[in-house]
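Participant: Please find my_file.txt (compact mmCIF, C-alpha atoms and all ligand atoms) on the next line:
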# COMPACT_ATOMS: atom_id res chain seq x y z
CA MET A 1 176.61 111.07 -26.14
CA GLN A 2 178.45 114.08 -24.76
CA LYS A 3 177.83 117.67 -25.79
CA LYS A 4 180.78 119.23 -27.62
CA ASN A 5 183.58 121.10 -25.93
CA ASN A 6 185.08 123.02 -28.82
CA ALA A 7 186.78 126.42 -29.15
CA VAL A 8 185.11 127.21 -32.48
CA ASN A 9 181.92 126.22 -34.24
CA ALA A 10 181.72 125.28 -37.91
CA GLU A 11 179.43 127.61 -39.84
CA ILE A 12 178.19 127.48 -43.42
CA THR A 13 179.71 130.45 -45.25
CA ALA A 14 178.84 129.59 -48.87
CA VAL A 15 176.40 127.37 -50.78
CA GLY A 16 176.10 126.05 -54.33
CA MET A 17 173.95 123.70 -56.37
CA PHE A 18 173.62 121.84 -59.64
CA ILE A 19 170.33 120.67 -61.11
CA PRO A 20 170.43 118.77 -64.43
CA GLU A 21 168.25 120.21 -67.21
CA LYS A 22 166.44 117.05 -68.28
CA ILE A 23 163.07 116.65 -66.56
CA LEU A 24 161.28 113.32 -66.15
CA ASP A 25 157.65 114.00 -65.19
CA ASN A 26 155.24 111.42 -63.78
CA LYS A 27 153.59 110.97 -67.17
CA TYR A 28 156.92 109.72 -68.55
CA PHE A 29 156.83 106.79 -66.11
CA GLU A 30 153.36 105.80 -67.29
CA SER A 31 155.04 104.83 -70.56
CA LEU A 32 157.65 102.70 -68.76
CA VAL A 33 155.79 100.85 -66.00
CA ASP A 34 152.28 100.26 -64.66
CA THR A 35 151.89 103.50 -62.69
CA ASN A 36 150.11 106.83 -62.88
CA ASP A 37 150.57 110.46 -61.95
CA GLU A 38 147.87 110.32 -59.25
CA TRP A 39 149.51 107.35 -57.44
CA ILE A 40 152.96 108.94 -57.50
CA ARG A 41 151.73 112.35 -56.28
CA THR A 42 149.57 111.06 -53.46
CA ARG A 43 151.91 108.31 -52.22
CA THR A 44 155.19 110.24 -52.51
CA GLY A 45 154.62 113.96 -53.22
CA ILE A 46 156.79 113.76 -56.36
CA ILE A 47 155.70 115.60 -59.52
CA GLU A 48 158.95 115.47 -61.47
CA ARG A 49 162.65 114.67 -61.09
CA ARG A 50 165.82 115.39 -63.05
CA MET A 51 168.20 113.12 -64.96
CA TYR A 52 171.87 113.89 -65.65
CA GLU A 53 173.28 112.67 -68.94
CA GLY A 54 176.48 114.71 -69.14
CA GLY A 55 178.85 112.55 -67.09
CA GLY A 56 179.24 111.07 -63.61
CA THR A 57 178.45 112.17 -60.07
CA SER A 58 181.81 113.95 -59.86
CA ASP A 59 180.73 116.25 -62.69
CA MET A 60 177.53 117.23 -60.88
CA ALA A 61 179.51 117.66 -57.65
CA TYR A 62 182.03 119.82 -59.49
CA PHE A 63 179.30 122.04 -60.97
CA ALA A 64 177.75 122.53 -57.52
CA ALA A 65 181.16 123.40 -56.06
CA LYS A 66 181.90 125.71 -59.00
CA ASP A 67 178.62 127.55 -58.39
CA LEU A 68 179.66 128.03 -54.75
CA ILE A 69 183.21 129.09 -55.59
CA GLU A 70 182.16 131.61 -58.23
CA LYS A 71 179.32 133.17 -56.23
CA TYR A 72 181.41 133.56 -53.06
CA ASN A 73 184.85 134.24 -54.59
CA VAL A 74 186.46 131.23 -52.92
CA ASP A 75 190.00 130.41 -54.07
CA PRO A 76 190.07 126.61 -54.63
CA LYS A 77 193.65 126.60 -53.34
CA ASP A 78 192.34 127.69 -49.92
CA ILE A 79 190.16 124.59 -49.55
CA ASP A 80 191.64 122.27 -46.92
CA ALA A 81 189.36 119.25 -47.36
CA ILE A 82 186.61 117.94 -49.64
CA ILE A 83 184.02 115.45 -48.41
CA VAL A 84 181.64 114.00 -50.99
CA ALA A 85 178.60 112.21 -49.62
CA THR A 86 177.38 109.81 -52.30
CA VAL A 87 176.23 106.25 -53.01
CA THR A 88 176.79 106.69 -56.72
CA PRO A 89 180.52 107.41 -56.98
CA ASP A 90 181.96 107.62 -60.50
CA MET A 91 183.98 104.52 -59.65
CA PHE A 92 184.62 102.39 -56.56
CA PHE A 93 188.02 104.04 -56.48
CA PRO A 94 189.49 106.57 -56.75
CA ALA A 95 187.15 108.52 -54.49
CA THR A 96 184.80 111.03 -56.11
CA ALA A 97 186.43 113.63 -53.83
CA CYS A 98 189.71 113.13 -55.75
CA LEU A 99 187.95 113.69 -59.08
CA VAL A 100 186.26 116.84 -57.76
CA GLN A 101 189.58 118.05 -56.31
CA GLU A 102 191.23 117.78 -59.72
CA LYS A 103 188.38 119.48 -61.59
CA LEU A 104 188.38 122.35 -59.07
CA GLY A 105 192.16 122.74 -58.92
CA ALA A 106 191.95 122.50 -55.14
CA THR A 107 195.64 121.68 -54.98
CA ASN A 108 196.01 121.93 -51.20
CA ALA A 109 193.05 119.76 -50.26
CA TRP A 110 192.71 116.23 -48.98
CA GLY A 111 189.38 114.47 -48.88
CA PHE A 112 187.27 111.36 -49.13
CA ASP A 113 183.85 109.98 -50.00
CA LEU A 114 181.31 109.22 -47.33
CA SER A 115 178.72 106.48 -47.84
CA ALA A 116 175.60 106.91 -45.74
CA ALA A 117 172.93 106.99 -48.47
CA CYS A 118 170.13 109.44 -47.70
CA SER A 119 171.80 110.47 -44.42
CA GLY A 120 175.06 111.13 -46.30
CA PHE A 121 174.92 114.91 -46.15
CA LEU A 122 174.20 114.97 -42.42
CA PHE A 123 177.04 112.54 -41.69
CA ALA A 124 179.38 114.58 -43.93
CA LEU A 125 178.28 117.85 -42.34
CA GLN A 126 179.07 116.48 -38.87
CA THR A 127 182.41 115.06 -40.09
CA GLY A 128 183.34 118.33 -41.78
CA SER A 129 182.31 120.28 -38.67
CA SER A 130 184.54 118.07 -36.53
CA LEU A 131 187.50 118.86 -38.81
CA ILE A 132 186.81 122.59 -38.37
CA GLU A 133 186.26 122.25 -34.61
CA SER A 134 189.60 120.46 -34.28
CA GLY A 135 191.25 123.76 -35.20
CA ARG A 136 193.40 122.16 -37.90
CA TYR A 137 191.25 123.03 -40.94
CA LYS A 138 189.77 126.37 -41.97
CA LYS A 139 187.80 125.60 -45.14
CA VAL A 140 186.02 122.30 -45.63
CA LEU A 141 183.86 121.70 -48.69
CA VAL A 142 180.97 119.33 -48.00
CA ILE A 143 179.12 118.05 -51.06
CA GLY A 144 176.00 115.88 -51.34
CA ALA A 145 175.80 114.43 -54.85
CA ASP A 146 174.01 111.46 -56.36
CA LYS A 147 173.33 110.32 -59.88
CA MET A 148 170.56 107.94 -58.84
CA SER A 149 169.55 107.36 -62.47
CA SER A 150 172.74 105.29 -62.80
CA ILE A 151 171.43 102.65 -60.37
CA VAL A 152 167.66 102.90 -60.90
CA ASP A 153 165.90 99.93 -62.50
CA TYR A 154 163.52 101.61 -64.95
CA THR A 155 161.44 98.42 -65.11
CA ASP A 156 160.73 98.39 -61.33
CA ARG A 157 157.72 100.58 -60.55
CA ASN A 158 158.41 100.33 -56.81
CA THR A 159 161.62 102.35 -57.08
CA CYS A 160 162.03 103.97 -60.49
CA ILE A 161 159.54 106.76 -59.83
CA LEU A 162 161.25 107.84 -56.61
CA PHE A 163 164.73 109.07 -57.44
CA GLY A 164 166.41 111.97 -59.22
CA ASP A 165 169.90 113.34 -59.93
CA ALA A 166 171.38 116.48 -58.33
CA ALA A 167 174.29 117.89 -56.33
CA SER A 168 174.74 120.63 -53.78
CA ALA A 169 177.69 121.95 -51.79
CA VAL A 170 178.33 123.97 -48.64
CA LEU A 171 181.55 125.50 -47.36
CA LEU A 172 182.34 125.20 -43.65
CA GLU A 173 184.56 127.70 -41.84
CA PRO A 174 185.29 128.33 -38.17
CA THR A 175 183.49 130.96 -36.11
CA GLU A 176 184.22 131.96 -32.53
CA ASN A 177 180.58 132.98 -32.13
CA LYS A 178 179.15 129.83 -30.57
CA ASN A 179 175.59 130.98 -31.34
CA PHE A 180 176.09 130.18 -35.04
CA GLY A 181 176.82 127.15 -37.15
CA VAL A 182 176.51 123.47 -36.28
CA ILE A 183 175.40 123.45 -32.66
CA ASP A 184 174.58 119.78 -32.08
CA SER A 185 173.98 116.48 -33.82
CA VAL A 186 172.57 113.04 -33.12
CA LEU A 187 173.55 110.41 -35.68
CA ARG A 188 172.90 106.66 -35.73
CA ILE A 189 173.38 103.50 -37.80
CA ASP A 190 171.67 100.12 -37.58
CA GLY A 191 172.87 97.40 -39.95
CA SER A 192 169.83 95.25 -39.29
CA GLY A 193 168.21 97.35 -42.03
CA LYS A 194 170.65 96.11 -44.67
CA ASP A 195 168.16 93.78 -46.39
CA ALA A 196 165.40 96.37 -46.79
CA LEU A 197 167.28 98.87 -48.95
CA ASN A 198 170.44 98.05 -50.87
CA MET A 199 172.27 97.44 -54.12
CA LYS A 200 173.31 93.82 -53.96
CA ALA A 201 176.10 93.42 -56.48
CA GLY A 202 179.30 95.08 -57.61
CA GLY A 203 180.94 94.92 -54.20
CA SER A 204 183.18 92.24 -52.66
CA LEU A 205 180.26 90.06 -51.56
CA ASN A 206 178.75 89.72 -55.03
CA PRO A 207 181.37 90.86 -57.55
CA SER A 208 180.05 91.84 -60.97
CA SER A 209 179.38 88.88 -63.23
CA HIS A 210 177.02 87.93 -66.01
CA GLU A 211 174.84 86.35 -63.37
CA THR A 212 174.62 89.51 -61.23
CA VAL A 213 173.70 91.52 -64.31
CA ASP A 214 171.12 88.95 -65.46
CA ASN A 215 169.60 88.94 -61.97
CA ARG A 216 169.34 92.76 -61.96
CA MET A 217 171.50 92.98 -58.83
CA HIS A 218 173.20 96.26 -59.81
CA TYR A 219 170.06 98.28 -59.19
CA ILE A 220 168.45 99.78 -56.09
CA PHE A 221 166.33 97.28 -54.19
CA GLN A 222 163.83 98.62 -51.65
CA ASP A 223 161.16 97.02 -49.52
CA GLY A 224 159.25 100.30 -49.48
CA LYS A 225 156.73 99.40 -46.82
CA ALA A 226 159.39 98.12 -44.38
CA VAL A 227 161.55 101.20 -44.86
CA PHE A 228 158.56 103.53 -44.59
CA LYS A 229 157.65 102.13 -41.18
CA VAL A 230 161.10 102.61 -39.63
CA ALA A 231 161.78 105.88 -41.45
CA VAL A 232 158.60 107.54 -40.12
CA LYS A 233 159.49 106.62 -36.55
CA GLY A 234 163.26 107.07 -36.88
CA MET A 235 163.16 110.53 -38.40
CA ALA A 236 160.48 111.81 -36.03
CA ASP A 237 162.14 110.35 -32.90
CA ILE A 238 165.58 111.75 -33.69
CA SER A 239 164.18 115.17 -34.60
CA VAL A 240 162.37 115.36 -31.27
CA GLU A 241 165.55 114.12 -29.53
CA ILE A 242 167.64 116.97 -30.97
CA MET A 243 164.95 119.45 -29.91
CA ASN A 244 164.92 118.11 -26.35
CA ARG A 245 168.73 118.02 -26.07
CA ASN A 246 168.86 121.71 -27.01
CA ASN A 247 165.70 122.89 -25.22
CA LEU A 248 164.20 123.87 -28.56
CA LYS A 249 160.47 124.49 -28.70
CA SER A 250 158.68 124.17 -32.02
CA GLU A 251 158.19 127.95 -32.17
CA ASP A 252 161.99 128.43 -31.89
CA ILE A 253 162.61 126.54 -35.13
CA ALA A 254 162.56 128.59 -38.34
CA TYR A 255 162.62 125.50 -40.58
CA LEU A 256 162.67 121.75 -40.40
CA VAL A 257 164.97 120.77 -43.31
CA PRO A 258 164.15 117.09 -43.85
CA HIS A 259 165.50 114.51 -46.27
CA GLN A 260 163.07 114.25 -49.17
CA ALA A 261 162.13 110.57 -49.55
CA ASN A 262 158.38 110.80 -49.13
CA LEU A 263 156.10 113.73 -48.31
CA ARG A 264 154.17 111.53 -45.88
CA ILE A 265 157.34 110.82 -43.87
CA ILE A 266 158.15 114.55 -43.86
CA ASP A 267 154.62 115.48 -42.71
CA ALA A 268 154.72 112.90 -39.91
CA THR A 269 158.07 114.23 -38.68
CA ALA A 270 156.84 117.84 -38.73
CA GLN A 271 153.70 116.85 -36.89
CA ARG A 272 155.64 115.09 -34.13
CA MET A 273 157.83 118.20 -33.77
CA GLY A 274 154.78 120.48 -33.64
CA ILE A 275 155.94 122.30 -36.75
CA THR A 276 153.50 123.72 -39.30
CA LYS A 277 153.86 122.98 -43.02
CA ASP A 278 155.00 126.52 -43.88
CA LYS A 279 158.11 125.88 -41.75
CA VAL A 280 159.19 122.74 -43.60
CA THR A 281 161.51 122.95 -46.62
CA ILE A 282 160.25 120.92 -49.58
CA ASN A 283 161.82 120.09 -52.93
CA ILE A 284 160.63 116.49 -53.40
CA ASP A 285 157.91 117.77 -55.75
CA LYS A 286 160.51 119.18 -58.17
CA TYR A 287 163.46 116.82 -57.80
CA GLY A 288 162.25 113.56 -56.21
CA ASN A 289 164.63 111.80 -53.83
CA THR A 290 168.12 113.01 -54.74
CA THR A 291 169.63 111.02 -51.82
CA ALA A 292 172.64 112.93 -50.42
CA ALA A 293 171.68 116.12 -52.26
CA THR A 294 168.18 116.73 -50.84
CA ILE A 295 169.14 118.66 -47.69
CA PRO A 296 171.91 120.94 -49.04
CA LEU A 297 169.67 121.68 -52.05
CA CYS A 298 166.85 122.74 -49.72
CA LEU A 299 169.28 124.93 -47.77
CA THR A 300 170.67 126.54 -50.93
CA GLU A 301 167.32 127.19 -52.61
CA TYR A 302 165.49 128.42 -49.50
CA TYR A 303 168.42 130.72 -48.68
CA ARG A 304 168.62 132.08 -52.23
CA ASP A 305 164.86 132.65 -52.25
CA GLY A 306 165.25 134.78 -49.12
CA LYS A 307 163.32 132.32 -46.94
CA ILE A 308 166.16 131.10 -44.71
CA LYS A 309 167.82 134.06 -43.00
CA ARG A 310 170.80 134.74 -40.73
CA GLY A 311 170.08 133.62 -37.19
CA ASP A 312 167.42 131.11 -38.23
CA LYS A 313 167.40 127.96 -36.10
CA LEU A 314 167.20 124.93 -38.37
CA VAL A 315 166.72 121.25 -37.64
CA LEU A 316 168.12 119.02 -40.40
CA SER A 317 166.85 115.46 -40.33
CA ALA A 318 167.30 112.33 -42.45
CA PHE A 319 166.76 108.59 -42.69
CA GLY A 320 168.28 106.22 -45.24
CA ALA A 321 169.78 102.90 -46.25
CA GLY A 322 171.90 101.09 -43.69
CA TYR A 323 169.89 102.03 -41.78
CA THR A 324 171.44 105.43 -41.23
CA TRP A 325 169.65 108.37 -39.65
CA GLY A 326 170.19 111.53 -37.72
CA ALA A 327 169.40 115.15 -36.96
CA ILE A 328 171.55 118.27 -36.79
CA TYR A 329 170.75 121.57 -35.07
CA LEU A 330 172.22 124.39 -37.15
CA VAL A 331 171.97 128.16 -36.77
CA TRP A 332 172.20 129.81 -40.20
CA SER A 333 174.86 132.49 -40.47
CA LEU A 334 174.81 133.65 -44.11
O1 LIG B 401 165.27 107.61 -48.96
C1 LIG B 401 165.73 106.58 -48.16
C2 LIG B 401 164.67 105.90 -47.39
N1 LIG B 401 163.56 105.52 -48.20
C3 LIG B 401 162.34 105.85 -47.82
O2 LIG B 401 162.18 106.52 -46.82
C4 LIG B 401 161.19 105.33 -48.63
C5 LIG B 401 160.15 104.75 -47.74
N2 LIG B 401 159.02 104.14 -48.44
C6 LIG B 401 158.14 104.87 -49.15
O3 LIG B 401 158.28 106.05 -49.34
C7 LIG B 401 156.92 104.15 -49.66
O4 LIG B 401 156.86 102.88 -49.08
C8 LIG B 401 156.85 104.02 -51.19
C9 LIG B 401 156.56 105.38 -51.82
C10 LIG B 401 158.14 103.45 -51.74
C11 LIG B 401 155.68 103.11 -51.57
O5 LIG B 401 154.48 103.61 -51.04
P1 LIG B 401 153.51 102.68 -50.16
O6 LIG B 401 152.34 103.49 -49.83
O7 LIG B 401 154.31 102.12 -49.03
O8 LIG B 401 153.12 101.58 -51.19
P2 LIG B 401 153.35 100.00 -51.07
O9 LIG B 401 154.76 99.66 -51.31
O10 LIG B 401 152.68 99.52 -49.82
O11 LIG B 401 152.48 99.54 -52.29
C12 LIG B 401 151.05 99.71 -52.32
C13 LIG B 401 150.55 99.24 -53.67
C14 LIG B 401 151.08 97.88 -54.07
O12 LIG B 401 150.08 97.19 -54.76
P3 LIG B 401 149.19 96.07 -54.05
O13 LIG B 401 150.17 95.05 -53.54
O14 LIG B 401 148.48 96.81 -52.94
O15 LIG B 401 148.30 95.60 -55.14
C15 LIG B 401 152.21 98.19 -54.99
O16 LIG B 401 152.48 97.16 -55.90
O17 LIG B 401 151.01 100.15 -54.68
C16 LIG B 401 151.68 99.40 -55.70
N3 LIG B 401 152.71 100.24 -56.28
C17 LIG B 401 152.47 101.12 -57.28
N4 LIG B 401 151.35 101.42 -57.93
C18 LIG B 401 151.43 102.36 -58.89
C19 LIG B 401 154.02 100.31 -55.94
N5 LIG B 401 154.64 101.22 -56.72
C20 LIG B 401 153.70 101.72 -57.56
C21 LIG B 401 153.73 102.68 -58.56
N6 LIG B 401 152.58 102.98 -59.21
N7 LIG B 401 154.85 103.34 -58.92
Show this structure as structure tokens.

Facilitator:
Amino acid sequence: MQKKNNAVNAEITAVGMFIPEKILDNKYFESLVDTNDEWIRTRTGIIERRMYEGGGTSDMAYFAAKDLIEKYNVDPKDIDAIIVATVTPDMFFPATACLVQEKLGATNAWGFDLSAACSGFLFALQTGSSLIESGRYKKVLVIGADKMSSIVDYTDRNTCILFGDAASAVLLEPTENKNFGVIDSVLRIDGSGKDALNMKAGGSLNPSSHETVDNRMHYIFQDGKAVFKVAVKGMADISVEIMNRNNLKSEDIAYLVPHQANLRIIDATAQRMGITKDKVTINIDKYGNTTAATIPLCLTEYYRDGKIKRGDKLVLSAFGAGYTWGAIYLVWSL
């Protein structure tokens, strides 16, 4: 893959987030399935997660975008494009981006949904950056939003404890200062992983029917052990690859901002990169795996807490269903 040859970089100029109020702690799951707090904490790093009951993914995405717009005085009419990374769209069509566009009153925007599961935000960030780098678009809203509770089988102990609901948004704008913004990315897909992590029904292969409902095919299926094995290697390899491509040493990196699927996968990635735990953003303990929302949420919260600062070199890294995976080298400019 070639390095970019662009006149401008895309930089993040605003951030926003939405976290539902309802908390599901590990104890709650003890009443649903044969599990316990100790198992969940030690095997995943999760202590609690959130559940949204007020509407669909587009509502959470809207609230995250509204937070961004209000805090940074963005006029929705100035937004050129909206990309929503999600695997839990309100409906198959229209796209969640259209629903968010209407709620925001972003009357001059076009947009679309992007389906790359846990790598969704990284894929959307690269796509949005390419729109900015093309010179045609000046303000691109990139949202990671997932209402995982809508596809979680609360009778399956292998998956129900893992996921949570949340949304987070970033605004991309051009900068002529090539030392800031999205510097580089390495993104990959491998469909041979399709059987290890999926939702089998509701699409054109297995349209919804009584049978698909009876067979619980509208829920997340995951072969955890199989995914764990490839995720540990995939996320670590691609994070090291982005470091090598950009001559980054571990001491150059202010934070590794990893997807939050499992604390053990995160630790293994950090270890391979030579990065200490204090330089890894974590929110899996509070929110579980919020799929496309994990990385922008980490960025938003760590920035708002004063931990991520202007000029910080960040490596964003993810692995998810598909398989999809990737890493982005970003220099923070807020
Ligand atoms: O986000 C997108 C990508 N997804 C991932 O990266 C997830 C990758 N996978 C994982 O994070 C882990 O595989 C899990 C957290 C899902 C599972 O952890 P594990 O250490 O791989 O456990 P396991 O699936 O190998 O299961 C070990 C044992 C099994 O029992 P037996 O067969 O040894 O008797 C499971 O039935 O743990 C059992 N188990 C549970 N026990 C208590 C599975 N889920 C639970 C549970 N509570 N919730």

Participant: Please list as an NGL selection string every residue within 10 Å of segment 265-267 of chain A, counting all atoms listed in the file and excluding residues in the same chain fewer than 6 positions away.

Facilitator: :A and (44 or 228-236 or 256-259 or 273 or 275-277 or 280-282 or 317-319)

Participant: Give the answer as one residue: which of A:Leu172, A:Ala327, A:Leu314, A:Leu197 has the shortest atom-to-atom distance to Asp237 of chain A, using all atoms listed in the file?

Facilitator: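 Of A:Leu172, A:Ala327, A:Leu314, A:Leu197, the one nearest Asp237 of chain A, counting all atoms listed in the file, is A:Ala327.
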
Participant: Give me the box for ligand LIG 401 (chain B) as JSON, namely the centre and edge lengths in Å to one decimal of a box along x, y and z that holds every listed atom plus 6 Å on each side.

Facilitator:
{"center_x": 157.0, "center_y": 101.3, "center_z": -53.0, "size_x": 29.4, "size_y": 24.6, "size_z": 24.4}

Participant: Around ligand LIG 401 (chain B), at most 8 Å away and counting all atoms listed in the file, which residues are there? Put them as a ChimeraX atom specification, please.

Facilitator: /A:33-36,39-40,43-44,117-118,157-162,197,222-229,231-232,259-262,264-265,289,291,319-321

Participant: Enter the distance from atom CA of Ser239 of chain A to atom CA of Gln271 of chain A, in Å, rounded to one decimal.

Facilitator: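 Pair atom CA of Ser239 of chain A / atom CA of Gln271 of chain A returns 10.9 Å.
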
Participant: In Å to one decimal, how far is atom CA of Lys27 of chain A from atom CA of Phe63 of chain A?

Facilitator: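 Distance between the two atoms: 28.7 Å.
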
Participant: Pick from A:Asp146, A:Glu241, A:Glu21, A:Glu173: nearest to Ala61 of chain A, with all atoms listed in the file counted?

Facilitator: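 Residue with the minimum atom-to-atom distance to Ala61 of chain A: A:Asp146.
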
Participant: With a distance cut-off of 8 Å and all atoms listed in the file, select the neighbouring residues of Met17 of chain A, excluding the residue or stretch itself and same-chain residues fewer than 5 positions from it, and output the selection as a list of chain:residue names.

Facilitator: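 Result of the neighbour search: A:Phe63, A:Ala64, A:Ala65, A:Asp67, A:Leu68, A:Ala166, A:Ala167, A:Ser168, A:Ala169, A:Leu297, A:Thr300.
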
Participant: Given all atoms listed in the file as the basis, pick out the residue of A:Tyr154, A:Phe112, A:Tyr255, A:Phe121 nearest to Thr324 of chain A.

Facilitator: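 For Thr324 of chain A, the nearest of the given residues is A:Phe121.
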
Participant: Excluding same-chain residues fewer than 2 positions from Ser130 of chain A, what lies within 12 Å of it counting all atoms listed in the file, as a CSV table (one decimal) with C-alpha atoms, keeping the file's coordinate frame?

Facilitator:
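The result, stored in result28.csv:
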chain,number,residue,atom,x,y,z
A,4,LYS,CA,180.8,119.2,-27.6
A,5,ASN,CA,183.6,121.1,-25.9
A,6,ASN,CA,185.1,123.0,-28.8
A,7,ALA,CA,186.8,126.4,-29.2
A,8,VAL,CA,185.1,127.2,-32.5
A,9,ASN,CA,181.9,126.2,-34.2
A,10,ALA,CA,181.7,125.3,-37.9
A,11,GLU,CA,179.4,127.6,-39.8
A,81,ALA,CA,189.4,119.2,-47.4
A,123,PHE,CA,177.0,112.5,-41.7
A,124,ALA,CA,179.4,114.6,-43.9
A,125,LEU,CA,178.3,117.8,-42.3
A,126,GLN,CA,179.1,116.5,-38.9
A,127,THR,CA,182.4,115.1,-40.1
A,128,GLY,CA,183.3,118.3,-41.8
A,132,ILE,CA,186.8,122.6,-38.4
A,133,GLU,CA,186.3,122.2,-34.6
A,134,SER,CA,189.6,120.5,-34.3
A,135,GLY,CA,191.2,123.8,-35.2
A,136,ARG,CA,193.4,122.2,-37.9
A,137,TYR,CA,191.2,123.0,-40.9
A,138,LYS,CA,189.8,126.4,-42.0
A,139,LYS,CA,187.8,125.6,-45.1
A,140,VAL,CA,186.0,122.3,-45.6
A,172,LEU,CA,182.3,125.2,-43.6
A,173,GLU,CA,184.6,127.7,-41.8
A,174,PRO,CA,185.3,128.3,-38.2
A,181,GLY,CA,176.8,127.2,-37.2
A,182,VAL,CA,176.5,123.5,-36.3
A,183,ILE,CA,175.4,123.4,-32.7
A,184,ASP,CA,174.6,119.8,-32.1
A,185,SER,CA,174.0,116.5,-33.8

Participant: In terms of the shortest atom-to-atom distance over all atoms listed in the file, which of A:Val100, A:Leu24, A:Ala14, A:Ala201 is closest to Arg216 of chain A?

Facilitator: A:Ala201

Participant: Can you tell me how far atom CA of Gly311 of chain A sits from atom CA of Arg188 of chain A, in Å to one decimal?

Facilitator: 27.1 Å

Participant: Find the residue from A:Ala270, A:Ile189, A:Val170, A:Leu99 that sits nearest to Ile69 of chain A; use only C-alpha atoms when measuring.

Facilitator: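 The shortest atom-to-atom distance to Ile69 of chain A comes from A:Val170.
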
Participant: Which residue out of A:Ile308, A:Met1, A:Gly202, A:Asn73 has the minimum interatomic distance to Val331 of chain A when all atoms listed in the file are used?

Facilitator: A:Ile308

Participant: Report as a ChimeraX atom specification all protein, DNA and RNA residues lying within 12 Å of Gln101 of chain A, evaluated on all atoms listed in the file, omitting residues in the same chain fewer than 5 positions from it.

Facilitator: /A:58-59,61-63,65-66,76-84,94-96,106-113,141,143

Participant: Save the residues we just selected, C-alpha atoms, as a PDB file, in the coordinates of the input?

Facilitator:
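Below you can see result-v2.pdb, which holds the result:
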ATOM      1  CA  SER A  58     181.810 113.950 -59.860  1.00  0.00           C
ATOM      2  CA  ASP A  59     180.730 116.250 -62.690  1.00  0.00           C
ATOM      3  CA  ALA A  61     179.510 117.660 -57.650  1.00  0.00           C
ATOM      4  CA  TYR A  62     182.030 119.820 -59.490  1.00  0.00           C
ATOM      5  CA  PHE A  63     179.300 122.040 -60.970  1.00  0.00           C
ATOM      6  CA  ALA A  65     181.160 123.400 -56.060  1.00  0.00           C
ATOM      7  CA  LYS A  66     181.900 125.710 -59.000  1.00  0.00           C
ATOM      8  CA  PRO A  76     190.070 126.610 -54.630  1.00  0.00           C
ATOM      9  CA  LYS A  77     193.650 126.600 -53.340  1.00  0.00           C
ATOM     10  CA  ASP A  78     192.340 127.690 -49.920  1.00  0.00           C
ATOM     11  CA  ILE A  79     190.160 124.590 -49.550  1.00  0.00           C
ATOM     12  CA  ASP A  80     191.640 122.270 -46.920  1.00  0.00           C
ATOM     13  CA  ALA A  81     189.360 119.250 -47.360  1.00  0.00           C
ATOM     14  CA  ILE A  82     186.610 117.940 -49.640  1.00  0.00           C
ATOM     15  CA  ILE A  83     184.020 115.450 -48.410  1.00  0.00           C
ATOM     16  CA  VAL A  84     181.640 114.000 -50.990  1.00  0.00           C
ATOM     17  CA  PRO A  94     189.490 106.570 -56.750  1.00  0.00           C
ATOM     18  CA  ALA A  95     187.150 108.520 -54.490  1.00  0.00           C
ATOM     19  CA  THR A  96     184.800 111.030 -56.110  1.00  0.00           C
ATOM     20  CA  ALA A 106     191.950 122.500 -55.140  1.00  0.00           C
ATOM     21  CA  THR A 107     195.640 121.680 -54.980  1.00  0.00           C
ATOM     22  CA  ASN A 108     196.010 121.930 -51.200  1.00  0.00           C
ATOM     23  CA  ALA A 109     193.050 119.760 -50.260  1.00  0.00           C
ATOM     24  CA  TRP A 110     192.710 116.230 -48.980  1.00  0.00           C
ATOM     25  CA  GLY A 111     189.380 114.470 -48.880  1.00  0.00           C
ATOM     26  CA  PHE A 112     187.270 111.360 -49.130  1.00  0.00           C
ATOM     27  CA  ASP A 113     183.850 109.980 -50.000  1.00  0.00           C
ATOM     28  CA  LEU A 141     183.860 121.700 -48.690  1.00  0.00           C
ATOM     29  CA  ILE A 143     179.120 118.050 -51.060  1.00  0.00           C
TER      30      ILE A 143
END
